[in-house]
Structure formats: structure tokens, C-alpha cells
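Enquirer: One structure, as C-alpha cells, below. Some questions next.
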Protein chains: 6
Amino acid sequence: MKIRVLLPIVVDIFNEEVKQEFRNYFPETTEIEVCHLDYGPASVEGEYDEALCVPNMLEKAIQAEKDGCDGVISLCGADPAVKPAREVLNIPIVGAGEASMLYATLLAKSFSIVTVLPNVVSMVENVSKMLGVDSKLNSIRYVNIPVLELVDKEKMETSLLEEMVLAIEQDKAHALILGCTGMMGVASILQEKLKERGYEVPVIDPSFAAAKLLENLIAMNIKQSRLTYMTPTKKMYKQRER
Amino acid sequence: MKIRVLLPIVVDIFNEEVKQEFRNYFPETTEIEVCHLDYGPASVEGEYDEALCVPNMLEKAIQAEKDGCDGVISLCGADPAVKPAREVLNIPIVGAGEASMLYATLLAKSFSIVTVLPNVVSMVENVSKMLGVDSKLNSIRYVNIPVLELVDKEKMETSLLEEMVLAIEQDKAHALILGCTGMMGVASILQEKLKERGYEVPVIDPSFAAAKLLENLIAMNIKQSRLTYMTPTKKMYKQRER
Amino acid sequence: MKIRVLLPIVVDIFNEEVKQEFRNYFPETTEIEVCHLDYGPASVEGEYDEALCVPNMLEKAIQAEKDGCDGVISLCGADPAVKPAREVLNIPIVGAGEASMLYATLLAKSFSIVTVLPNVVSMVENVSKMLGVDSKLNSIRYVNIPVLELVDKEKMETSLLEEMVLAIEQDKAHALILGCTGMMGVASILQEKLKERGYEVPVIDPSFAAAKLLENLIAMNIKQSRLTYMTPTKKMYKQRER
Amino acid sequence: MKIRVLLPIVVDIFNEEVKQEFRNYFPETTEIEVCHLDYGPASVEGEYDEALCVPNMLEKAIQAEKDGCDGVISLCGADPAVKPAREVLNIPIVGAGEASMLYATLLAKSFSIVTVLPNVVSMVENVSKMLGVDSKLNSIRYVNIPVLELVDKEKMETSLLEEMVLAIEQDKAHALILGCTGMMGVASILQEKLKERGYEVPVIDPSFAAAKLLENLIAMNIKQSRLTYMTPTKKMYKQRER
Amino acid sequence: MKIRVLLPIVVDIFNEEVKQEFRNYFPETTEIEVCHLDYGPASVEGEYDEALCVPNMLEKAIQAEKDGCDGVISLCGADPAVKPAREVLNIPIVGAGEASMLYATLLAKSFSIVTVLPNVVSMVENVSKMLGVDSKLNSIRYVNIPVLELVDKEKMETSLLEEMVLAIEQDKAHALILGCTGMMGVASILQEKLKERGYEVPVIDPSFAAAKLLENLIAMNIKQSRLTYMTPTKKMYKQRER
Amino acid sequence: MKIRVLLPIVVDIFNEEVKQEFRNYFPETTEIEVCHLDYGPASVEGEYDEALCVPNMLEKAIQAEKDGCDGVISLCGADPAVKPAREVLNIPIVGAGEASMLYATLLAKSFSIVTVLPNVVSMVENVSKMLGVDSKLNSIRYVNIPVLELVDKEKMETSLLEEMVLAIEQDKAHALILGCTGMMGVASILQEKLKERGYEVPVIDPSFAAAKLLENLIAMNIKQSRLTYMTPTKKMYKQRER
């Protein structure tokens, strides 16, 4: 099995960490490739950024299928390019946002997402509405740290824990989702810290969630419905002129 | 007042007709400009096409504001670029899909949309969910004519009438929306023909709807909420290399 | 074009102001008539008041059509007489409540209404449910000032601003609606004051909203669906005996 | 215990039958009074009719409380005057529409209503939305017989049975409601006939339902919430001039 | 008329009180029988307890019908055994949870439930979702007193009042439900005390609510829909070995 | 990793097939145990059957944890015992119904379930409501074959295909779920046959879905929220007397 993880950003600062983390998610026999964008935004922190990352994301997704990949991951809490890619791919693609919401839906009567910035709140809420699980989404909170500053793990962890406790106590969340795939490697620690405070709730890592869901789809031989995501009609696409 | 109508397609076959139709929508003093894309798809008939039209749509929208426009219209039933443009614009932008749905919501207890192809059904349904009026949307039907073939007005009209009658009789629609902005100039005729058959229901032209809503926003001095559509954080955007 | 504005109250203290305000909403060529009731309540502050204003409202609406009006406005945040009038009119009628909610639905992911008294909260919430946009209505707040005391503009403005800030900060409203048509001429000022506090959100004047929506319907040649609002069957209506 | 049944119509053709039927619903010790309107419509078959019956209904309801009644029934499937009456009464009032929907909600996963004419469909659907049980309402069908022609019991029964079978087979209704209080005395027969056809489903008589619910409220010493239905603020109500 | 009240617990400490209370709910001619379980949990405070009470509840329900009862009550706020019993009974059965929610739905625009322990919150919320009235349920609060300690009536009353005031002031509840059938005989007192504090809202006793609804169903000759609750197919049921 | 699959039935006819199928779902290193019930129903075809299978299911689930299992599967489309088991287990448990619905939610805008008998329709619909994905569930169809007769694979396959085509064409399902875990080993074949008919939609095997989801939860170190599924309070549970 070969899968490719697409980062919707033009910087490569997360590549190595993503590769290492994903290594833990899969059996040794799985080939894992991680790639960032050639053109697009430095990070996805709103609808505008998302719009600009999608064209190259789609090219990367199509290339992944050509290169023999069995599945693709859109590594971002807002699931950029997932819907259009489903139209042009014959392999499954999973977004980190939708994947994490499905696990939260399964394990608790309500959940909250803690994301990076207020800018992405509406966008992520819309993901939940289109997915159809919005009745269980109690709130979307944010740590007010831009994506590219998530490298300060300690600060991130402290802020996340604070918001998670508020999500439980004020918003009555019974499960928690890390809203940004840049928040890697801290889900289990945060789950443990919440437990110490008396809150034994699942903390869901969206990268891990997407990885496992994709693995399942491949194993189960199922993918996007072609009735929902129809193959694009043939037409001319004009390239940007230089 | 000056407004600019953005067609999310790289062909100019609709420009003249759009210009003439929009002339009827506004008082003489309103300046109306119509432009098509420099790069992107020949038509928007699915998520993939939409994704590829958005980058240039955003550039066009930004340019419109720079050129002193008071508002922008995204002329397509799927509202491409509307949400990201709201983040970067300080003038209002209205999509034809959302505009038409609001009028239908006002005038009837339920409505149906008749669009071009099955490919766009999910996309348009998602527009209704994000807008929050999906409980009144009974069905999305289609005439099975690609956007660029809508120039055969007679065929289009006949097919639309047929599907509209089915929407009323089978799906219990009480109002009807033309699902594609390529279906210009036929709303009143279809409304009349349905009345002759005993169905006195509003038939809503999405271009007209968007034009009037935008005019209103400008007049009322209101625009997109900056809490929902926040200004993008500063960051690097890398251009496609030649 | 000739339109008539119906005030659902037996006092004429708002007539002049309404007339002046509406003058600003329409082009000079539009004839605007404002009328109050001959019998009914002094103000509409609940279901009981509303019930008592409707019979004369309906007579006034029917008279408006007979007098050649192109459309009618029910000038109240609870939309009295709008639904029954749609059955007997062949011209469009728009309520200020529903109109304002549609604009809020368009411009933000959530909105709150600030109205006069707690008495009208359930009634207005029901308007949103029947219209089908209740999933975006976060809260209905009130300034605790009766309709007829809204003439003290300064007090009204201060109270409105206070509740609007609470709506944003506590109820997560991203757009705001003035819940009573007696709250005239302050929307733009409040919008400005909220912006000064860092909240750049649309503040929607329900009178203005209704005026523009009605103007649109007339221009677009669409009106209420006769499948939703059927012409009353013929029957005897007995008048009140003296 | 003394209760008063208000018929929202100016004719008295149903009074005797209603009295007799209600006699069966209550223990002998309950005093039952039935009254029709002094002014208003001959029947309620739409929003317009409803609007015109409400003022006298309210007067009758207030008089009932003054006369020592313990509760009031609004005998119509569209619940005219129920909400405004709740504001001015200190005794409970129940509408036949809402009462029947609650029993259907209890006994089945879905229900349909069979009413008189297409004119009332939207109105009754709105009752279900305001009550909050619309997710279980599968359809509203009609027999196309005006209220005042329901006296031909045989024709009514045949038509009702036909529509009920369609409601079960096509709309997947698991319980049925007689949508008009003029459809008296046939619920049990229809229930039996449906059972003979293999459909063992409850058929709910709205008059009976309202009677029993009201009896319960009185017994349980509960009535409308004063937070939802606040006492009207003091104000002038101008009477119609002669 | 003969009805049997089933307590889903193996202790008999509530039997006498239940019998006395139910005596007040029914006319003298009604035979009332109260029985507790032979095997199962000491109290129902969660999904696990509920699961264990159901088998004997079902046996008791079937026995009740064999003994000529006209109806059965499942006396618990979580409605244990109600759905499966509906499949095997030809007489109606009503749960205290669902019954109380229907009355609250009728009398107010929103309601809250105050129950015993946090353990039952999800379970009761699910009851509201399956019943279809969850859009009106604002919150479920708890007094943190186990079922079997509800015998200290004073402590219970004080705690209930406190939570009810919070439900009104913080959760905007307009009606209140006692969430446990062990909270007997205090509804009217609490209703009075809330009124003294300015909150004239209905306080609904779930036992009383279930009793009256069941009485109605019997009187109206309606019961569970056999399309929703089908008779079990014939099959072998293996008993537990000794 | 060791997992145990619980069949909620007292017959062992499916054990071997389940074991073999599950062998395909997991890597070789996973220990898979399959067990049926000691007491309870021969099959689960309704609420009554489900109620009777739960007590032993809970014992088996508890035993599984004691025996060192890392997770448990409730192998039935109605998810018997899943919620109560979550309260008493410290390892995850997944139901086949909920698992299959989550995959369908991910891959399509709407889905239908094809189950065994009409008896289970309401029960499965309730699963979707409690899970929170009911807005995407278009219909539940059935092949009218009892669980224990599913051994005739050919008949089952033919009937399933027929109903699936109807689900797509009439109910507009875009993904399909096998509603009973007795329908093993046919998902891929049916998916292929539907594709041949022009419908390229995912067909989801509920056993496979549950297996993979459980595997994920164990890998991701997440399980049921203890805020939703609280540990039962200490109390006496009385055993059935012999």
C-alpha cells in the first residue's frame, strides 16, 4: 500500500515531522510520501488561503494517483481540495477535518474543536454542516496561534489544554478535536492531562484520524460515491498566462 | 454606483447577453461591467471546475474594488469565490445561488432548483446548507444540458418547463429557481407558462436576484460580517512558476 | 411604482418619520404612502396585540391593491398580517421581520435580534422557524423599552448598543437586527459604534430591509406562491354587530 | 370542572354534534359548553379566515374565564387564537391541531395529517414547526371537501380512508391525524378499516385529543408558561367604529 | 379501567408512595396496581442499569396485559422497556420521560429537565431525540442526588429549586420537568416557589404526566402504531441456565 | 492486539463464517475471538429481541475486557449493548450499525440502508438519530428475509441488489449499507454489480466497518467519552431467581 499526504502549504517545515508521525500510524509495509505545494499560501488560515491552495492540491492529488498511490490525505482541518479531488480521482481521499469529526461523533454525545485562529471558525463549521454532523458540534474554540507558530510545542500545549477545559466546562463538550493538523503529537498527552483533571474524554488527532480512515477505505475497497462526486464533463481549462 | 459582474468562465459567449440583461436590472445611472476569466474552466459544472475558477475570480474581485466598484456579483448558481472574496473585499459580493434561494425562502413554503447537470447537485445542496435554508429546499432537478449549450433557448425552455412541472407535482415545490445563470431571460416566460397550467408560482432568475440583492446591500450600507469573514492574516503566497 | 406602508397601530406618531425614512429608501419616482390603523392596538408587543391588529391590516392591504399600489409593507418586526394578506392579494407584501432575517442570513454565519420587550421573543422566534432560517438565529435580546417610548432616541441607542455587544460577546452573533420597526434611523450609527469597538458587523434596519425587498419583488415580477398562499374559498364573513 | 369549546365559525351547524361528542369525552360531572362566533368567517380554510376568527375567539376565551371555566378548547386543526389567548388567560387553552400532533408523536415514528383542502396545508405545517414536532410529520394530505360539506359523513369517510392508505403506502406514515375538527366521530371506524387492510395504526381525532389534553392540564394544575406567553403590556385598544 | 405501574427497580421503597400518588391521578373506579421488579438493578441511573431492568420489565408488562390491565406505565424518566414492550403488547404503555416532554412541548417554547445524576443526561437526551422534541429541550440539569436518596424530600426540594432557577436564568428554559419519577409530590410546590420568584412556569411531574396520557390513550382507543412497533417474528428465546 | 466479536444471538451458525471474514479484516498478529450468547434470542429482529440479548451481551463484553481483549464488537446492525457496555468497559466497543453509517456519511451526500425485515426499521432509524447522522439517511429498505435465512446467499444477493437499485433510483441514495451483519461477504460483489448498472457507489459491509473502526480506536488510543458514558454508580443488582 502506498499513500501520499498532501500539505496545503508552500513551506516544508512540517514535512519531516509529518513523515515521522505517519510512520507510526501505518504498518511498515505501507509506503508513505509527504509533499508540500509548489505554489499557494504559506498556511491555510481562512477561506481565501484555502481557495489559493486548491489548484496545486488537485494537481498533486492527480499526480499521486498516476504514481500508483492507493489513497491521498488532505492534511488540514478544513479539508481543502477534498471535494473537487473526489471528482477527478479513482482512489479515495480523506480530509483531516471530516475524519476527526466522525470519530468524535462515534465516541461522545457532543464535541468541540480547538483550532488555531478565529479566522477558520466559519470554514470548519461549514465542514461539519456539509458532512452532516453539526448537531453534535458544540463549539469551535481557538488558541490564537498562527499555524506556522505551532512549532513552539509547549505554548501550543498549554493553550490547547486551557481551551479544552473551557470547552468541557462551558460548552459541554464530551470529546475534543485538535482543529489543525499542525497540532501534531500532543493528543495523547492532552488526553492524559484532561484525565488528571477529572475529564476522561477522547482527544482526537486529525492527522491520525485521517490516516486510519484512509487505510480503512483502501482495505474495505470503498471510495467516494460517483453519484455525489461525478467525473467532470469534458471541457477546456485555460492555463494562467505567464 | 458601479458594479462588476464576474463570470467564472474563460469564454466570453455570455458577456453581451449578461450586459444587456443587467442593464434592465438597474437604473440608468448604475455603471455595469461584465468580465470573464483569463484562466480557469470553460464552464462551472462541478466542484473541480469551481476550484479552478476561484483564483482568477478572486483577482478579478480584488481588481473590481480597486477600480472603485461598489459591489461585485459572482454570476453562477454555485456561488464560486463568494466566501473567500468576502474575506479580502471591503465591498459586498453576492452569489447568484444564495440570492435566488433567499427570495424563494421568502415567497413559498418550499422550493426546487432546476439546474444544468447532475454533476452540480451536491454542490448546490451544500450552498443551501451553508446558507441555512436547506429545510425549504425540496429537490434539485436538472435539464441535462451543459452550460455552454444553453444558447439553444428553445430547447432549454422546453426542458426547464418539463422539470418544473415535475418539481411541483412530484417534489411539492411551491417556488422554482433557475439553477444556472446561463438560463437567462426565461424566468418570466416560464412563470407565465406554469400559470397557464394552473401553477401560479414564482420563478426566480438567479442573475436578477443577485443584482437586486447587491443593489440593496449597497443602498443599505451593509456588507459581509467581518466576524464570519475575517481579513486574512498576513502571509506569503507563492505564485505558480512558469 | 406606488407602495403603501402599513403600520399595525392606531396611533400616528410614527407616520411622519416613516414617510421621511422611506423617502430615502426609494427613487424619487416611487410613490410612498404610509397609513396607520383605524382600529386595533396602540402598539404590537405580543401575540394578543398582533391578533387584534390583523383584521384592519388586511382591510388596508386589500385597499392598497384596489388603489393601484404595486406592493405593501407590514411595518413590524413580527410581520403581522403578512401570511393572510398573501392569500387575498395579487401584489407582493413583505414583513419587516422576515426581510431583515434574510439579509442577516446572507451576510453572516449567525445573527441576533435586539427587540423591545421580552413579550415578543417567542413570536419573533416563530417567525424565524416558519421562514426556515432559525438555525442561524443565535438569540433574541431586548432593550426593555415599550414601542411607544422608542421616541427617546438617545436612550434607545444606548440600550441597543449595550445589548448588541452582549449578543456578539456572549451569544456569538455575527450580524445584528433591530427587532422593532420603531427603531428607525439608528442602524448605521450603531454599525459604526460597533466597528469602533472592534466588531465590524452588519446592523440591519428592518424597515429598510423590507422596503428594498419589496422593491425587488416588484422589479423582478415575482410574488407569493399561490400554492403556499391559496386564494380563500368563497364563504360568508359576518361583520361585528354594533 | 367546567370547560368551554370555542368553534371559530359563525355558523352553529356543528354545535349540537360537538356537544354530544364532548359529552363522551368527559366524566358526567364536567360541565361542557359549546359556542360559535358572533362575527368572523363561516369556516376556517386558510390564513385569511383564521385571522378573521381570532378577535372574537379571544373575546369568547376571556369571557369563558370570567364565567368560571377551568379551561378552553380552540376547536380547529389550525389552532386559531391559541397563542394570543395564552397571553390573556390564566386558565389553560388547547388547540385541536397541536393536541393531535402530540399523541401522534408519542405513538409512532412518523405521522400524516389528512385535512379538508389544500388551502390549509401550509398553515398546519407551520403549527407543527412552532410546536417543534415537524421532524415526524411526513405529509399533509386533503380530501378536497370544504369544512361545511363535511356533513356528508359517508363521502368524508370514503375520501379519508383513501388518503390515509396513500399516506401509509406512499408517505410512510405510521399514525394518522384527522386534520379538521369537522371530521368528528369517524376516527375509530377508520382505524378499524385500516386494520382490516393490514395497517394497525392509531387514527387520532383532534377534538378528542384536545379534550383529553385540556382535562389533564387542569388535573395536573399546569398551564401555559408565562415566560413564553407574557401578559400583554397595558395599552389602548381602539374598537372598530360603526 | 385497570392500569399497572411498573417500577424498574428491585426495591419496594417507593411502592406505597407511588400507589398513593397515583390514587390522586385517577377516578375512584380505576384500579391501580404498582409493582417492582423481581430481578434487576436497585435503581436506574444510566444505560447499564436500564439494560438490566428491561427483561423483567417486559415480563411484568406482558403479565399485566394477561391480567386484564388496560394499560401500563414504565415509571422512570428514561422510559425503560417502553419501545420493546410496545412490540409485544396490545395495550398501550407510556413512559414517564416521554410523557413529561410532550406536556412541556405544548406549554412553552423551550424546557429543561432537572434529573438526579450526570450519569443519565445522555440517555434522557436520546429519549428526546427519538421522540422528536429535542429542538425544544434547552438543557438537562441534575441535583446530584442518587435515586434512592430522594427520600430526603427537603434536600431534594431545595436542590431542585436551585437548579430550576439556573435552568430559567442561564439556559432560558420556559418550562421545567422533574427528570426522575422518584421526585414525587413536589411539582406543585416548586411551581409555586418559582412563581414567588417571578417565574410563572409549569413544573411537570413525570409520573402524573404518564398517568394522564395513558388514561387518555385508553379512553381514546388508540395505542402504539403496529407499523413502528411490529410484533416480533417467531423465534426461540433461550433462558438463562441456572 | 486481541479483539472479541459478540454475536447477539444464541445460535452458532454464523460463528465460523464471522471468524473467517474477520480474519481477512485484520493483520495476522491480531487475535480474533467470536462468541455467541448463552441466553437470549435466536436473532435480533426488533426492539424486543434486542432487549433480551443485552444482559448476556454485557456479561460477554465485561468478560472480554477481563480476558485481556483490547476491544469488542457488537455484531448487529442495531448496535445492541453498545451504549450500556461503554459505561462498564475501559476498552472501546463498536457497533456495526453506527460504524457503517459513519463511512457512508463520509463518502456520499446521502445513503440508504437495506436491512432484513420491516421490524427493525424504526430501531435502526433511532440509531442514526442518536449518532447524529440522520440528515443523510434517505431510507431504510428491507429484503424481507429473516436473519437466520440469510444463509441462502444467492437469494439474499438478488434481493439486496433489487432493493439497492430502488434505493438509488427512488430514494436518491448515493451510498448503500448492508443493514444486517448476517449479510456477510457480498458487499464487494454488489458494489461491482451496481457499477455494471451505471451506479458507482460504495456498498458498505457493517462487519468490516466495525472491525476497522475498532482497530483504529485501539491504535489511536481513544475510546468512549466518560462524560457521555459514566461509570455506573455502585448499587445492588439482583439476579434472576431460579
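In the C-alpha cells, chains take the letters A, B, ... in the order shown, each chain's residues start at 1, and ligands count up from 1 in the order shown.
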Define the interface residues of chain E facing chain F as those within 7 Å, counting only C-alpha atoms, and report them as a ChimeraX atom specification.
Expert: /E:10,39-42,46-48,51-52,54-55,83-85,87,119,122,126,129-130,228,230,232,235-240,242
Enquirer: Mind dumping a table of every segment 121-225 of chain D residue within 7 Å of segment 68-78 of chain D, with the nearest atom pair and its distance in Å to one decimal, using only C-alpha atoms, sorted by chain and rising number, as a Markdown table?
Expert:
```
| residue | atom | partner | partner_atom | distance |
| --- | --- | --- | --- | --- |
| D:Met123 | CA | D:Ala78 | CA | 6.7 |
| D:Val124 | CA | D:Ala78 | CA | 5.5 |
| D:Val127 | CA | D:Ala78 | CA | 6.8 |
| D:Gly179 | CA | D:Gly77 | CA | 5.5 |
| D:Cys180 | CA | D:Gly77 | CA | 4.9 |
| D:Thr181 | CA | D:Cys76 | CA | 5.3 |
| D:Ser207 | CA | D:Leu75 | CA | 6.6 |
| D:Ala210 | CA | D:Ile73 | CA | 6.8 |
| D:Leu214 | CA | D:Gly71 | CA | 6.7 |
| D:Ile218 | CA | D:Asp70 | CA | 6.8 |
```
Enquirer: For the selection you just gave me, I'd like the residues written to a file as a short mmCIF file (atom, residue, chain, number, x, y, z; two decimals), in the first residue's frame, keeping N, CA and C atoms.
Expert:
```cif
data_model
loop_
_atom_site.label_atom_id
_atom_site.label_comp_id
_atom_site.auth_asym_id
_atom_site.auth_seq_id
_atom_site.Cartn_x
_atom_site.Cartn_y
_atom_site.Cartn_z
N MET D 123 -50.44 26.31 6.61
CA MET D 123 -50.82 26.77 7.94
C MET D 123 -50.62 25.67 8.99
N VAL D 124 -51.07 24.47 8.66
CA VAL D 124 -50.94 23.35 9.59
C VAL D 124 -49.47 22.92 9.71
N VAL D 127 -47.96 25.07 12.18
CA VAL D 127 -48.30 24.66 13.56
C VAL D 127 -47.28 23.62 14.04
N GLY D 179 -57.37 15.99 10.15
CA GLY D 179 -56.85 17.35 10.19
C GLY D 179 -57.87 18.42 10.48
N CYS D 180 -59.12 18.07 10.52
CA CYS D 180 -60.17 19.07 10.74
C CYS D 180 -61.12 18.58 11.83
N THR D 181 -61.50 19.48 12.72
CA THR D 181 -62.40 19.07 13.81
C THR D 181 -63.82 18.85 13.32
N SER D 207 -60.45 16.55 18.12
CA SER D 207 -61.33 17.08 19.16
C SER D 207 -61.14 16.30 20.45
N ALA D 210 -57.77 17.11 22.01
CA ALA D 210 -57.74 18.39 22.71
C ALA D 210 -58.50 18.31 24.03
N LEU D 214 -56.63 18.93 27.60
CA LEU D 214 -57.08 20.03 28.46
C LEU D 214 -57.46 19.50 29.84
N ILE D 218 -55.72 20.67 33.50
CA ILE D 218 -56.48 21.13 34.67
C ILE D 218 -56.20 20.22 35.87
#
```
Enquirer: From segment 24-235 of chain D, collect each residue whose DSSP state is helix (DSSP H, G or I) and return the set as a PyMOL selection string.
Expert: chain D and resi 24-25+47-66+82-88+96-107+118-131+134-136+147-149+153-169+187-196+206-220
Enquirer: For Met101 of chain F, find every residue with an atom within 10 Å (counting only C-alpha atoms), except residues of its own chain fewer than 2 positions away, and show them as a PyMOL selection string.
Expert: (chain A and resi 102) or (chain F and resi 77+96-99+103-106+111-113+127-128+131+133-134+136-137+175-177+179+204+206+209)
Enquirer: Hey, can you check how far atom CA of Glu65 of chain F sits from atom CA of Met57 of chain E?
Expert: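 We find that atom CA of Glu65 of chain F and atom CA of Met57 of chain E lie 28.2 Å from each other.
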Enquirer: Within 8 Å of Asp205 of chain D, counting only C-alpha atoms, which residues show up once you throw out same-chain ones fewer than 4 positions away? Write them as a VMD selection string, please.
Expert: chain D and resid 100 177 to 178 181 183 to 187 209
Enquirer: What is the distance between atom CA of Leu217 of chain A and atom CA of Asn221 of chain F, in Å to one decimal?
Expert: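 That distance, rounded to one decimal, is 20.1 Å.
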Enquirer: Which residues, written as a list in words, have at least one atom at most 8 Å from Val143 of chain D, with only C-alpha atoms counted and residues fewer than 6 positions away on the same chain left out?
Expert: Val114, Thr115, Val116, Leu117, Met156, Ser159, Leu160 and Glu163 of chain D
